[in-house]
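Asker: What follows is the file structure_17.pdb, containing PDB, C-alpha atoms and all ligand atoms:
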```
ATOM      1  CA  MET A1408      -5.324 -27.423  -5.617
ATOM      2  CA  THR A1409      -8.260 -26.814  -3.310
ATOM      3  CA  ASP A1410     -12.002 -26.943  -3.814
ATOM      4  CA  GLN A1411     -12.295 -23.271  -2.855
ATOM      5  CA  PRO A1412     -11.348 -20.185  -4.878
ATOM      6  CA  ARG A1413      -8.273 -18.415  -3.484
ATOM      7  CA  LEU A1414      -7.777 -14.666  -3.550
ATOM      8  CA  PHE A1415      -4.499 -12.973  -4.374
ATOM      9  CA  ARG A1416      -3.081  -9.679  -5.508
ATOM     10  CA  LEU A1417      -0.268  -8.841  -7.844
ATOM     11  CA  GLN A1418       2.291  -6.656  -6.163
ATOM     12  CA  ARG A1419       4.756  -4.763  -8.339
ATOM     13  CA  ASP A1420       7.962  -3.483  -6.777
ATOM     14  CA  HIS A1421       9.405  -1.844  -9.878
ATOM     15  CA  ASP A1422       7.485  -0.579 -12.924
ATOM     16  CA  VAL A1423       9.499  -1.678 -15.930
ATOM     17  CA  THR A1424       7.004  -0.269 -18.464
ATOM     18  CA  GLY A1425       6.309   3.029 -16.700
ATOM     19  CA  ILE A1426       2.608   2.475 -17.334
ATOM     20  CA  SER A1427       1.044   0.470 -14.552
ATOM     21  CA  GLY A1428       2.937   1.853 -11.575
ATOM     22  CA  THR A1429       4.035   0.095  -8.410
ATOM     23  CA  GLY A1430       2.196  -1.364  -5.433
ATOM     24  CA  THR A1431      -0.937  -3.457  -5.915
ATOM     25  CA  VAL A1432      -1.498  -3.513  -9.677
ATOM     26  CA  ALA A1433      -4.190  -6.202  -9.801
ATOM     27  CA  HIS A1434      -6.459  -8.407  -7.729
ATOM     28  CA  GLY A1435      -7.211 -11.956  -8.681
ATOM     29  CA  VAL A1436      -8.925 -15.225  -8.029
ATOM     30  CA  ARG A1437      -7.517 -18.680  -8.648
ATOM     31  CA  TRP A1438     -10.479 -20.947  -9.335
ATOM     32  CA  PRO A1439     -10.648 -24.581  -8.182
ATOM     33  CA  ASP A1440     -10.000 -25.808 -11.755
ATOM     34  CA  GLY A1441      -6.661 -23.953 -11.805
ATOM     35  CA  THR A1442      -7.731 -21.089 -14.075
ATOM     36  CA  ALA A1443      -7.305 -17.523 -12.852
ATOM     37  CA  THR A1444      -9.123 -14.239 -13.246
ATOM     38  CA  ILE A1445      -7.170 -11.028 -12.853
ATOM     39  CA  ARG A1446      -8.695  -7.571 -12.433
ATOM     40  CA  TRP A1447      -6.192  -4.825 -13.185
ATOM     41  CA  THR A1448      -6.366  -1.615 -11.186
ATOM     42  CA  GLY A1449      -5.555   1.840 -12.525
ATOM     43  CA  ASN A1450      -7.293   4.414 -14.701
ATOM     44  CA  ARG A1451      -8.436   1.851 -17.290
ATOM     45  CA  PRO A1452      -9.159  -1.297 -15.297
ATOM     46  CA  SER A1453      -9.706  -4.530 -17.165
ATOM     47  CA  THR A1454     -10.483  -8.135 -16.324
ATOM     48  CA  VAL A1455      -8.523 -10.959 -17.907
ATOM     49  CA  GLN A1456      -9.109 -14.700 -17.769
ATOM     50  CA  TRP A1457      -6.056 -17.021 -17.783
ATOM     51  CA  ALA A1458      -5.611 -20.779 -18.133
ATOM     52  CA  SER A1459      -3.343 -20.620 -15.057
ATOM     53  CA  ILE A1460      -1.603 -18.135 -12.787
ATOM     54  CA  ASP A1461       1.712 -19.298 -14.227
ATOM     55  CA  ASP A1462       0.550 -18.094 -17.669
ATOM     56  CA  ALA A1463      -0.403 -14.686 -16.259
ATOM     57  CA  ILE A1464       2.923 -14.306 -14.477
ATOM     58  CA  ALA A1465       4.812 -15.384 -17.610
ATOM     59  CA  ILE A1466       3.243 -12.421 -19.429
ATOM     60  CA  HIS A1467       3.005  -9.862 -16.639
ATOM     61  CA  GLY A1468       5.710 -10.907 -14.190
ATOM     62  CA  HIS A1469       8.279  -8.523 -15.710
ATOM     63  CA  GLY A1470      11.202 -10.682 -14.758
ATOM     64  CA  GLY A1471      10.269 -11.092 -11.123
ATOM     65  CA  HIS A1472       9.255  -7.473 -10.508
ATOM     66  CA  THR A1473       5.633  -8.568 -10.037
ATOM     67  CA  ARG A1474       4.833 -11.168  -7.427
ATOM     68  CA  ILE A1475       1.765 -12.938  -6.111
ATOM     69  CA  GLU A1476       0.637 -12.241  -2.567
ATOM     70  CA  TRP A1477      -1.950 -14.785  -1.462
ATOM     71  CA  ALA A1478      -4.739 -13.765   0.876
ATOM     72  CA  PRO A1479      -4.675 -15.691   4.154
ATOM     73  CA  MET A1480      -6.448 -19.028   4.013
ATOM     74  CA  PRO A1481     -10.060 -18.626   5.242
ATOM     75  CA  ILE A1482     -10.439 -19.606   8.916
ATOM     76  CA  PRO A1483     -13.088 -22.301   8.222
ATOM     77  CA  HIS A1484     -10.575 -23.931   5.865
ATOM     78  CA  VAL A1485      -7.868 -23.875   8.564
ATOM     79  CA  VAL A1486     -10.320 -25.321  11.108
ATOM     80  CA  ALA A1487     -11.246 -28.103   8.671
ATOM     81  CA  LEU A1488      -7.542 -28.914   8.209
ATOM     82  CA  LEU A1489      -7.012 -29.066  11.983
ATOM     83  CA  GLU A1490      -9.989 -31.394  12.358
ATOM     84  CA  LEU A1491      -8.647 -33.566   9.564
ATOM     85  CA  VAL A1492      -5.192 -33.818  11.163
ATOM     86  CA  ASN A1493      -6.752 -34.646  14.516
ATOM     87  CA  ASP A1494      -8.904 -37.365  12.910
ATOM     88  CA  LEU A1495      -5.865 -38.814  11.137
ATOM     89  CA  ARG A1496      -4.063 -39.029  14.480
ATOM     90  CA  GLU A1497      -6.920 -41.190  15.808
ATOM     91  CA  ILE A1498      -6.120 -43.844  13.200
ATOM     92  CA  ASP A1499      -2.804 -44.621  14.936
ATOM     93  CA  PRO A1500      -2.732 -42.921  18.341
ATOM     94  CA  ASP A1501       0.357 -44.742  19.637
ATOM     95  CA  PRO A1502       3.364 -42.551  20.455
ATOM     96  CA  CYS A1503       6.404 -42.409  18.189
ATOM     97  CA  ARG A1504       8.997 -45.154  18.569
ATOM     98  CA  TYR A1505      12.344 -44.117  17.071
ATOM     99  CA  ASP A1506      15.134 -46.421  15.939
ATOM    100  CA  GLN A1507      18.864 -45.653  16.138
ATOM    101  CA  HIS A1508      18.654 -43.678  12.867
ATOM    102  CA  GLY A1509      15.944 -41.358  14.194
ATOM    103  CA  HIS A1510      13.267 -42.986  12.040
ATOM    104  CA  CYS A1511       9.840 -43.495  13.581
ATOM    105  CA  GLU A1512       9.055 -47.195  13.285
ATOM    106  CA  GLU A1513       5.598 -46.775  14.791
ATOM    107  CA  HIS A1514       4.375 -44.526  11.970
ATOM    108  CA  ALA A1515       6.733 -45.752   9.235
ATOM    109  CA  TRP A1516       8.409 -42.331   8.932
ATOM    110  CA  PHE A1517      11.892 -42.618   7.463
ATOM    111  CA  GLU A1518      12.989 -38.995   7.216
ATOM    112  CA  THR A1519      15.242 -37.249   9.684
ATOM    113  CA  GLU A1520      15.121 -33.703   8.257
ATOM    114  CA  ARG A1521      11.557 -33.410   9.547
ATOM    115  CA  SER A1522      10.390 -35.340  12.564
ATOM    116  CA  CYS A1523       7.504 -37.795  12.369
ATOM    117  CA  PRO A1524       4.236 -36.020  11.444
ATOM    118  CA  GLU A1525       2.581 -37.571  14.499
ATOM    119  CA  ALA A1526       5.177 -35.903  16.759
ATOM    120  CA  ARG A1527       4.778 -32.556  14.980
ATOM    121  CA  ALA A1528       0.978 -32.767  15.176
ATOM    122  CA  ALA A1529       1.175 -33.630  18.895
ATOM    123  CA  GLU A1530       3.352 -30.532  19.486
ATOM    124  CA  LEU A1531       0.973 -28.314  17.512
ATOM    125  CA  PHE A1532      -2.114 -29.566  19.302
ATOM    126  CA  ALA A1533      -0.395 -29.299  22.676
ATOM    127  CA  GLY A1534       0.357 -25.661  21.838
ATOM    128  CA  ASN A1535      -3.215 -25.048  20.738
ATOM    129  CA  ALA A1536      -4.613 -26.663  23.861
ATOM    130  CA  ALA A1537      -2.522 -24.589  26.259
ATOM    131  CA  PRO A1538      -1.576 -21.272  24.671
ATOM    132  CA  GLY A1539       0.428 -19.017  26.883
ATOM    133  CA  PRO A1540       3.063 -16.322  26.909
ATOM    134  CA  ALA A1541       6.601 -17.220  25.992
ATOM    135  CA  ALA A1542       8.776 -17.784  29.032
TER     136      ALA A1542
HETATM  137 ZN    ZN B1601       5.851 -41.316  14.763
END
```
Would you mind giving the structure from this file in structure tokens?
Answerer:
Amino acid sequence: MTDQPRLFRLQRDHDVTGISGTGTVAHGVRWPDGTATIRWTGNRPSTVQWASIDDAIAIHGHGGHTRIEWAPMPIPHVVALLELVNDLREIDPDPCRYDQHGHCEEHAWFETERSCPEARAAELFAGNAAPGPAA
């Protein structure tokens, strides 16, 4: 859950009822408290308030024929996340030190499916610092 409202639309691939049609059938907002407001499109638009998006989809999902498409995260939010990750890296700036199992002892990371977050962050920031065409 975030502290910002998130925009979405309901996209229907197949109209089971034959009433609401296909394509974008509604626009919506998920509020920071988890409730959702949905504005239906069409000839008789209406606005409905839900306790959660899951409740709305349970009623209107039509067995998976209607899906949520989230609007891209706002750029200021992405920038704030990047700043946060960069600040977190300052807490322990030492490079990764892997044991024979591939676990990072330096950052107490004991997964092998995903590499240490410090290593992934370093790769991301290196890419951001020097963007260029693929070789
Ligand atoms: Zn590490």
Asker: Give the residues close to ligand ZN 1601 (chain B), within 10 Å, counting all atoms listed in the file; write them as a VMD selection string.
Answerer: chain A and resid 1499 to 1505 1510 to 1517 1522 to 1529
Asker: So which one's closest to Met1480 (chain A), A:Gln1411, A:Ser1453, A:Thr1444, A:Thr1431? Using all atoms listed in the file, please.
Answerer: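 Going through A:Gln1411, A:Ser1453, A:Thr1444, A:Thr1431 one by one, the smallest distance to Met1480 (chain A) is for A:Gln1411.
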Asker: Pick out the closest residue to Phe1532 (chain A) from this set: A:Val1492, A:Ala1443, A:Ala1458, A:Ala1487. Count all atoms listed in the file.
Answerer: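 For Phe1532 (chain A), the nearest of the given residues is A:Val1492.
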Asker: Might you spell out which residues the PyMOL selection byres (((chain A and resi 1456) around 10) and not hetatm) would select in the displayed file, as a PyMOL selection string?
Answerer: chain A and resi 1435-1436+1442-1446+1454-1455+1457-1460+1463
Asker: Quick one: which residues end up in the PyMOL selection byres (((chain A and resi 1449) around 12) and not hetatm) for this structure, as a list in words?
Answerer: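 With the PyMOL selection byres (((chain A and resi 1449) around 12) and not hetatm) on this model, the match is Ile1426, Ser1427, Gly1428, Thr1429, Gly1430, Thr1431, Val1432, Ala1433, His1434, Arg1446, Trp1447, Thr1448, Asn1450, Arg1451, Pro1452, Ser1453 and Thr1454 of chain A.
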